[in-house]
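Coordinates as given in upload-v7.txt (compact mmCIF, C-alpha atoms):
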```txt
# COMPACT_ATOMS: atom_id res chain seq x y z
CA MET A 225 -10.71 22.06 5.10
CA GLU A 226 -10.17 25.64 6.35
CA ASN A 227 -7.09 26.28 8.46
CA LEU A 228 -5.88 22.81 7.61
CA GLU A 229 -2.78 24.00 5.82
CA GLN A 230 -1.78 26.14 8.82
CA LEU A 231 -2.41 23.30 11.26
CA ILE A 232 -0.28 20.91 9.22
CA GLU A 233 2.43 23.51 8.70
CA ASP A 234 2.69 24.03 12.45
CA PHE A 235 3.03 20.27 12.90
CA ILE A 236 5.63 19.72 10.18
CA LYS A 237 7.90 22.46 11.55
CA LYS A 238 8.81 19.95 14.25
CA SER A 239 8.54 16.84 12.08
CA SER A 240 11.45 14.57 11.21
CA LEU A 241 9.52 13.01 8.30
CA PHE A 242 7.30 15.67 6.73
CA SER A 243 8.55 18.87 5.12
CA CYS A 244 5.75 20.71 3.30
CA VAL A 245 2.06 20.53 2.54
CA GLU A 246 -0.29 21.39 -0.31
CA VAL A 247 -4.05 21.32 0.09
CA HIS A 248 -6.21 21.07 -3.04
CA LYS A 249 -9.95 21.24 -3.54
CA ILE A 250 -9.83 18.69 -6.30
CA LEU A 251 -7.18 16.44 -7.79
CA GLU A 252 -7.23 13.46 -10.09
CA SER A 253 -5.41 11.49 -7.38
CA THR A 254 -3.03 12.62 -4.66
CA ASN A 255 -0.67 9.76 -5.53
CA THR A 256 -0.67 10.63 -9.23
CA TYR A 257 -0.04 14.30 -8.44
CA LEU A 258 3.04 13.49 -6.39
CA LEU A 259 4.31 10.99 -8.96
CA LYS A 260 3.95 13.46 -11.85
CA ASN A 261 5.41 16.54 -10.16
CA ASN A 262 8.64 17.40 -8.42
CA PHE A 263 8.35 17.96 -4.70
CA PRO A 264 10.86 17.78 -1.89
CA SER A 265 10.98 14.65 0.21
CA GLY A 266 8.41 14.63 2.99
CA CYS A 267 5.83 16.72 1.15
CA ILE A 268 2.18 15.98 1.87
CA VAL A 269 -0.60 16.51 -0.67
CA ILE A 270 -4.21 16.56 0.49
CA ALA A 271 -7.31 16.74 -1.69
CA ASP A 272 -10.87 17.41 -0.67
CA GLN A 273 -11.99 15.38 -3.68
CA GLN A 274 -10.33 12.98 -6.12
CA THR A 275 -11.72 12.48 -9.59
CA ALA A 276 -9.72 9.31 -10.17
CA GLY A 277 -8.77 7.96 -6.76
CA ARG A 278 -6.94 4.67 -7.16
CA GLY A 279 -6.40 1.43 -5.33
CA ARG A 280 -4.52 -1.77 -6.12
CA ARG A 281 -4.24 -2.63 -9.82
CA GLY A 282 -5.94 0.59 -10.82
CA ARG A 283 -9.16 -0.16 -8.96
CA SER A 284 -11.02 3.04 -8.18
CA TRP A 285 -11.28 4.60 -4.73
CA PHE A 286 -14.59 6.35 -4.07
CA SER A 287 -13.59 9.97 -3.38
CA PRO A 288 -16.52 12.41 -3.08
CA PRO A 289 -15.90 16.01 -1.88
CA GLY A 290 -16.33 17.41 1.61
CA LYS A 291 -16.56 14.11 3.44
CA ASN A 292 -13.38 12.10 3.69
CA LEU A 293 -9.62 12.20 3.81
CA TYR A 294 -7.42 11.60 0.79
CA PHE A 295 -3.74 12.36 1.21
CA SER A 296 -0.34 11.17 0.08
CA PHE A 297 3.22 11.92 1.01
CA LEU A 298 6.44 11.60 -0.90
CA LEU A 299 9.83 10.23 0.04
CA VAL A 300 12.69 11.02 -2.34
CA ASN A 301 15.72 8.71 -2.33
CA PRO A 302 14.69 7.09 0.96
CA PRO A 303 17.57 5.17 2.53
CA LEU A 304 15.67 1.90 2.27
CA ASP A 305 16.77 -1.40 0.83
CA PRO A 306 14.15 -2.28 -1.83
CA SER A 307 13.74 -5.71 -0.23
CA THR A 308 12.28 -4.02 2.87
CA LEU A 309 9.64 -2.14 0.89
CA PRO A 310 6.79 -4.65 1.50
CA ARG A 311 7.14 -3.95 5.23
CA LEU A 312 5.97 -0.39 4.64
CA ASN A 313 2.47 -1.73 3.97
CA ILE A 314 2.42 -3.14 7.48
CA VAL A 315 3.91 0.06 8.94
CA MET A 316 1.18 2.17 7.37
CA ALA A 317 -1.62 -0.16 8.46
CA VAL A 318 -0.39 0.01 12.06
CA ALA A 319 -0.05 3.80 11.91
CA VAL A 320 -3.63 4.25 10.67
CA ALA A 321 -5.12 1.69 13.08
CA GLU A 322 -3.23 3.22 16.02
CA ALA A 323 -4.23 6.77 15.09
CA LEU A 324 -7.89 5.79 14.96
CA GLY A 325 -7.54 3.76 18.15
CA LYS A 326 -6.34 6.88 19.96
CA LEU A 327 -9.65 8.50 19.02
CA GLY A 328 -11.53 5.55 20.50
CA ILE A 329 -12.27 3.91 17.16
CA LYS A 330 -11.75 0.15 17.16
CA THR A 331 -10.57 -1.21 13.83
CA SER A 332 -9.03 -4.39 12.49
CA VAL A 333 -6.59 -4.99 9.66
CA LYS A 334 -6.92 -7.12 6.58
CA TRP A 335 -3.63 -8.31 5.10
CA PRO A 336 -1.66 -6.41 4.18
CA ASN A 337 -2.97 -2.92 4.84
CA ASP A 338 -6.73 -2.48 4.62
CA ILE A 339 -8.38 -1.03 7.71
CA LEU A 340 -11.76 -2.48 8.56
CA ILE A 341 -14.63 -1.74 10.90
CA ASN A 342 -17.14 -4.55 11.42
CA GLY A 343 -15.52 -6.41 8.52
CA LYS A 344 -16.05 -3.55 6.07
CA LYS A 345 -13.35 -1.40 4.52
CA LEU A 346 -12.81 1.96 6.15
CA ALA A 347 -9.40 2.89 4.81
CA GLY A 348 -7.03 1.86 2.08
CA ILE A 349 -3.35 2.49 1.50
CA LEU A 350 -1.56 2.53 -1.84
CA ILE A 351 2.22 2.63 -2.02
CA GLU A 352 3.81 3.38 -5.38
CA SER A 353 7.49 3.57 -6.23
CA VAL A 354 9.85 4.79 -8.89
CA PHE A 355 13.19 3.04 -9.16
CA GLU A 356 16.46 4.23 -10.64
CA LYS A 357 18.74 1.26 -11.28
CA ASP A 358 18.30 -0.81 -8.14
CA LYS A 359 17.63 2.14 -5.82
CA ILE A 360 14.29 3.59 -4.75
CA LYS A 361 14.12 7.07 -6.26
CA LYS A 362 10.59 8.00 -5.19
CA LEU A 363 8.06 6.51 -2.84
CA VAL A 364 4.51 7.81 -2.80
CA ILE A 365 2.36 6.63 0.07
CA GLY A 366 -1.33 7.38 -0.26
CA THR A 367 -4.15 6.91 2.21
CA GLY A 368 -7.90 7.21 1.76
CA ILE A 369 -10.22 7.09 4.77
CA ASN A 370 -14.00 7.19 4.67
CA ILE A 371 -14.87 9.64 7.42
CA ASN A 372 -18.29 11.24 6.99
CA THR A 373 -19.68 9.35 4.01
CA ASP A 374 -23.38 8.60 4.53
CA HIS A 375 -25.20 5.43 3.54
CA ASP A 376 -26.78 7.24 0.63
CA ASP A 377 -23.43 8.42 -0.75
CA PHE A 378 -22.25 4.87 -1.42
CA THR A 379 -23.61 2.88 -4.29
CA THR A 380 -25.30 -0.37 -3.26
CA ASP A 381 -22.29 -2.38 -4.48
CA ILE A 382 -19.78 -0.39 -2.44
CA LEU A 383 -22.02 -0.39 0.64
CA THR A 384 -21.71 -4.17 0.90
CA ILE A 385 -17.93 -3.94 1.31
CA ALA A 386 -17.21 -0.42 2.61
CA THR A 387 -18.09 1.72 5.57
CA SER A 388 -17.26 5.11 7.05
CA LEU A 389 -16.63 6.38 10.56
CA LYS A 390 -20.01 8.11 10.44
CA ILE A 391 -21.85 4.96 9.40
CA ALA A 392 -20.00 2.84 11.96
CA THR A 393 -20.30 5.23 14.91
CA GLY A 394 -23.38 7.32 14.11
CA GLN A 395 -21.53 10.59 14.56
CA THR A 396 -19.82 13.16 12.36
CA TRP A 397 -16.05 13.42 12.75
CA ASP A 398 -13.66 16.34 12.41
CA ARG A 399 -11.39 15.50 9.49
CA ASN A 400 -8.64 17.91 10.50
CA SER A 401 -8.08 16.39 13.91
CA ILE A 402 -8.10 12.88 12.43
CA LEU A 403 -5.56 13.92 9.81
CA LEU A 404 -3.21 15.47 12.35
CA ASN A 405 -3.43 12.35 14.48
CA LEU A 406 -2.70 10.21 11.42
CA LEU A 407 0.37 12.21 10.45
CA LYS A 408 1.75 12.00 13.99
CA ASN A 409 1.28 8.24 14.02
CA ILE A 410 2.74 7.77 10.54
CA GLU A 411 5.84 9.63 11.66
CA LEU A 412 6.05 7.64 14.88
CA TRP A 413 5.77 4.21 13.24
CA TYR A 414 7.94 5.15 10.26
CA ASN A 415 10.68 6.08 12.72
CA VAL A 416 10.34 2.67 14.39
CA PHE A 417 10.65 1.07 10.95
CA GLU A 418 13.69 3.17 10.03
CA LYS A 419 15.38 2.14 13.27
CA GLY A 420 15.14 -1.48 12.11
CA GLU A 421 12.56 -2.45 14.72
CA PHE A 422 10.04 -3.97 12.37
CA TYR A 423 9.33 -6.75 14.88
CA LYS A 424 7.56 -4.16 17.08
CA ILE A 425 5.38 -3.13 14.17
CA ARG A 426 4.64 -6.74 13.27
CA ASP A 427 3.57 -7.48 16.85
CA LYS A 428 1.30 -4.45 16.84
CA TRP A 429 -0.17 -5.37 13.45
CA LEU A 430 -0.98 -8.86 14.74
CA GLN A 431 -3.01 -7.31 17.56
CA TYR A 432 -5.29 -5.84 14.91
CA PHE A 433 -5.40 -8.99 12.78
CA GLU A 434 -8.68 -10.59 13.77
CA TRP A 435 -8.42 -13.34 11.15
CA LYS A 436 -5.44 -15.00 12.84
CA GLY A 437 -6.27 -18.69 13.27
CA LYS A 438 -9.27 -18.42 10.95
CA GLU A 439 -9.82 -20.20 7.67
CA VAL A 440 -9.20 -17.83 4.80
CA PHE A 441 -8.82 -18.00 1.08
CA VAL A 442 -6.35 -16.09 -1.00
CA SER A 443 -7.35 -15.25 -4.55
CA SER A 444 -4.88 -14.14 -7.17
CA ASP A 445 -5.26 -14.02 -10.92
CA ASP A 446 -6.38 -17.55 -11.59
CA THR A 447 -5.80 -19.43 -8.36
CA THR A 448 -7.47 -19.66 -4.98
CA ILE A 449 -5.65 -21.11 -1.98
CA PHE A 450 -7.37 -22.15 1.24
CA GLY A 451 -5.66 -22.31 4.60
CA ILE A 452 -5.47 -21.00 8.13
CA ALA A 453 -4.08 -17.48 8.55
CA ALA A 454 -1.14 -18.08 10.88
CA GLY A 455 0.35 -14.58 10.97
CA ILE A 456 2.92 -12.59 9.03
CA ASP A 457 6.64 -13.19 8.63
CA GLU A 458 9.63 -10.89 9.16
CA ASN A 459 8.87 -9.11 5.87
CA GLY A 460 5.15 -8.78 6.42
CA PHE A 461 4.15 -11.59 4.07
CA LEU A 462 1.13 -13.61 5.12
CA ILE A 463 1.81 -17.10 6.48
CA LEU A 464 -0.85 -19.62 5.57
CA SER A 465 -1.06 -23.04 7.23
CA LEU A 466 -2.22 -25.52 4.62
CA PRO A 467 -4.39 -28.59 5.22
CA ASP A 468 -1.37 -30.92 4.71
CA GLY A 469 0.41 -29.27 7.65
CA SER A 470 2.85 -27.25 5.56
CA GLU A 471 3.12 -23.47 5.53
CA MET A 472 2.95 -21.18 2.54
CA LYS A 473 4.14 -17.61 2.27
CA ILE A 474 1.64 -15.38 0.48
CA ILE A 475 3.29 -12.55 -1.43
CA SER A 476 0.28 -11.00 -3.12
CA GLY A 477 -3.42 -11.60 -3.57
CA ASP A 478 -6.79 -10.80 -2.04
CA VAL A 479 -7.42 -12.44 1.31
CA SER A 480 -10.96 -13.14 2.46
CA VAL A 481 -12.21 -14.94 5.52
CA ARG A 482 -13.97 -18.19 4.66
CA ARG A 483 -17.51 -18.32 5.96
CA LYS A 484 -19.56 -21.48 6.18
CA ASN A 485 -22.05 -21.84 3.32
CA ALA A 486 -20.51 -18.86 1.55
CA THR A 487 -17.90 -18.34 -1.09
CA GLY A 488 -16.68 -14.89 -0.18
CA ASN A 489 -16.87 -12.10 2.38
CA MET B 471 25.18 -10.02 -21.81
CA ALA B 472 23.54 -8.01 -18.99
CA GLU B 473 21.30 -9.63 -16.44
CA VAL B 474 18.03 -8.08 -15.27
CA VAL B 475 17.71 -8.84 -11.58
CA ALA B 476 14.74 -8.66 -9.17
CA GLN B 477 15.34 -6.27 -6.26
CA MET B 478 12.75 -7.89 -4.02
CA VAL B 479 10.40 -10.79 -3.56
CA GLY B 480 7.28 -10.64 -5.70
CA LYS B 481 5.01 -12.41 -8.13
CA VAL B 482 5.29 -11.79 -11.84
CA TRP B 483 2.26 -9.73 -12.75
CA LYS B 484 3.17 -8.42 -16.21
CA ILE B 485 5.86 -9.34 -18.70
CA VAL B 486 6.29 -6.06 -20.51
CA ALA B 487 9.11 -6.90 -22.92
CA ASN B 488 9.35 -9.96 -25.14
CA GLU B 489 12.39 -11.89 -26.27
CA GLY B 490 13.77 -10.12 -29.33
CA ASP B 491 12.54 -6.67 -28.30
CA CYS B 492 14.94 -3.73 -28.35
CA VAL B 493 14.79 -1.84 -25.06
CA GLU B 494 16.32 1.31 -23.66
CA GLU B 495 17.99 1.67 -20.29
CA GLY B 496 15.24 2.26 -17.72
CA ASP B 497 12.49 0.50 -19.70
CA PRO B 498 10.42 -1.87 -17.58
CA ILE B 499 10.99 -5.52 -18.52
CA ILE B 500 8.87 -7.24 -15.90
CA ILE B 501 6.39 -5.88 -13.33
CA ILE B 502 6.16 -7.83 -10.11
CA GLU B 503 3.51 -7.50 -7.47
CA SER B 504 4.51 -7.64 -3.84
CA MET B 505 1.66 -7.22 -1.39
CA LYS B 506 -0.34 -4.48 -3.09
CA MET B 507 2.61 -2.79 -4.74
CA GLU B 508 3.52 -2.99 -8.40
CA ILE B 509 7.28 -2.89 -8.80
CA PRO B 510 8.85 -2.53 -12.24
CA ILE B 511 12.08 -4.39 -12.89
CA GLU B 512 13.87 -2.24 -15.41
CA ALA B 513 16.62 -2.70 -17.98
CA GLU B 514 19.90 -1.34 -16.66
CA VAL B 515 21.33 -1.20 -20.18
CA SER B 516 19.98 -0.65 -23.68
CA GLY B 517 19.93 -3.62 -26.05
CA LYS B 518 18.04 -6.67 -27.24
CA VAL B 519 16.13 -8.87 -24.80
CA THR B 520 17.57 -12.31 -25.49
CA LYS B 521 15.91 -14.28 -22.72
CA ILE B 522 12.95 -13.93 -20.36
CA HIS B 523 13.45 -16.36 -17.49
CA VAL B 524 10.08 -16.01 -15.76
CA THR B 525 6.44 -16.71 -16.48
CA PHE B 526 3.22 -15.05 -15.37
CA ASP B 527 2.35 -15.54 -11.67
CA GLN B 528 5.76 -17.04 -10.89
CA THR B 529 7.34 -16.05 -7.59
CA VAL B 530 10.72 -14.35 -7.86
CA ASN B 531 13.15 -13.79 -5.02
CA GLU B 532 15.54 -10.93 -4.41
CA GLY B 533 18.55 -11.44 -6.68
CA ASP B 534 16.82 -13.73 -9.19
CA VAL B 535 17.74 -13.12 -12.82
CA VAL B 536 14.46 -12.47 -14.64
CA ALA B 537 15.82 -11.59 -18.08
CA GLU B 538 18.97 -11.11 -20.13
CA ILE B 539 19.85 -8.25 -22.48
CA ASP B 540 22.47 -8.23 -25.24
CA GLU B 541 23.93 -4.74 -25.17
CA GLY B 542 25.09 -4.86 -28.76
CA GLY B 543 22.00 -6.59 -30.09
CA CYS B 544 20.03 -3.66 -31.53
```

Final structure tokens representation of the file:
Amino acid sequence: MENLEQLIEDFIKKSSLFSCVEVHKILESTNTYLLKNNFPSGCIVIADQQTAGRGRRGRSWFSPPGKNLYFSFLLVNPPLDPSTLPRLNIVMAVAVAEALGKLGIKTSVKWPNDILINGKKLAGILIESVFEKDKIKKLVIGTGININTDHDDFTTDILTIATSLKIATGQTWDRNSILLNLLKNIELWYNVFEKGEFYKIRDKWLQYFEWKGKEVFVSSDDTTIFGIAAGIDENGFLILSLPDGSEMKIISGDVSVRRKNATGN
Amino acid sequence: MAEVVAQMVGKVWKIVANEGDCVEEGDPIIIIESMKMEIPIEAEVSGKVTKIHVTFDQTVNEGDVVAEIDEGGC
């Protein structure tokens, strides 16, 4: 990660979203670090390794050193209505998919914001918030991308559901150039979002949504719902067409494509 | 009586406070999940939780009253 700080600093001098950067060799989690400490809005924290990388509901994110990208950025008192917050998941998914697309890497999205290659998870995004009364006081937006992880680095369990750019393409990638590209795209798509043009982001997201029109199932705590993935609504919620012809809005849950003679993906 | 109101659409993931509990301003009462985000719905006043209006896994909409707090109750 040499020269990374300088590269990012040069970029953020001209940035309307980002303001500062800290690069660490090792952190518990870049999200946790930003949540626990006071930083100015727009600050980016990058770690070469996370000892407790997190995903949804505290699930762990595999974060070995020297291979991948783990970074988060902070927004303090963002001028966002809390009701628009779910849309940020879609914004981030589009930003990551577009950034990788510009490097010639074809990805797809899994609702709401997982980035896949060949049906396996390449990148994950975790957005965490702190509220004060009914206002958003802090937003921490974290991204983890498997770049140069080898087959042997993953445990057998993870290998069935996850991949890396190296595994998918057979080549080693430069993390710094990917990170810079990501930050540029995050800024670009966040600005579109802030301008109130979420419909553009939704359209773009749908281009990456390969499960549109496919039979999927949505699992939450103790229920599973089957239906056809019809798209996402104006807030980014998944629209499911049910067998009785009605539509259901999915607010949370794990979505998997339904395969014949199989129960999961 | 102060109402605790959801700021956004979500599904009730955790009910942190129970009816009868004394809570402080800023304490989380309910945690909702919206997409992959966990959003706490916090007490805007200190007092006794007199009513929880939601159950686990229930969908709440923006503006829904999820709980009530009696400011003089504790």

**OP:** Find the residues in chain B near chain A: any atom within 7 Å counts, using all atoms listed in the file. Write them as a list in words.
**Re:** Gln477, Met478, Val479, Gly480, Lys481, Glu503, Ser504, Met505, Lys506, Met507, Ile509, Glu514 and Glu532 of chain B

Shell of 7 Å around Glu229 (chain A), all atoms listed in the file, local chain residues under 3 positions omitted, as a short mmCIF file (atom, residue, chain, number, x, y, z; two decimals) with C-alpha atoms, keeping the file's coordinate frame:
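out_17.cif, written as the output of this step:
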```
data_model
loop_
_atom_site.label_atom_id
_atom_site.label_comp_id
_atom_site.auth_asym_id
_atom_site.auth_seq_id
_atom_site.Cartn_x
_atom_site.Cartn_y
_atom_site.Cartn_z
CA ILE A 232 -0.28 20.91 9.22
CA GLU A 233 2.43 23.51 8.70
CA VAL A 245 2.06 20.53 2.54
CA VAL A 247 -4.05 21.32 0.09
#
```

Original post:
To one decimal place, how far is CA of Leu293 (chain A) from CA of Gly366 (chain A) in Å?
Top reply: 10.4 Å

Original post:
Can you tell me how far CA of Trp397 (chain A) sits from CA of Leu258 (chain A), in Å to one decimal?
Top reply: 27.0 Å

Original post:
Could you list as a VMD selection string every residue that has an atom within 9 Å of (11.9, -14.0, -25.0), using the file's coordinates and counting all atoms listed in the file?
Top reply: chain B and resid 487 to 491 519 to 523 537

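Across the model, the gap from CA of Gly394 (chain A) to CA of His375 (chain A) is 10.9 Å.
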
**OP:** Fewer than 3 positions away in the same chain doesn't count, so skip those; otherwise give me all residues within 12 Å of Lys330 (chain A), counting all atoms listed in the file, as a PyMOL selection string.
**Re:** chain A and resi 320-327+333+339-343+346+389+392-393+431-434
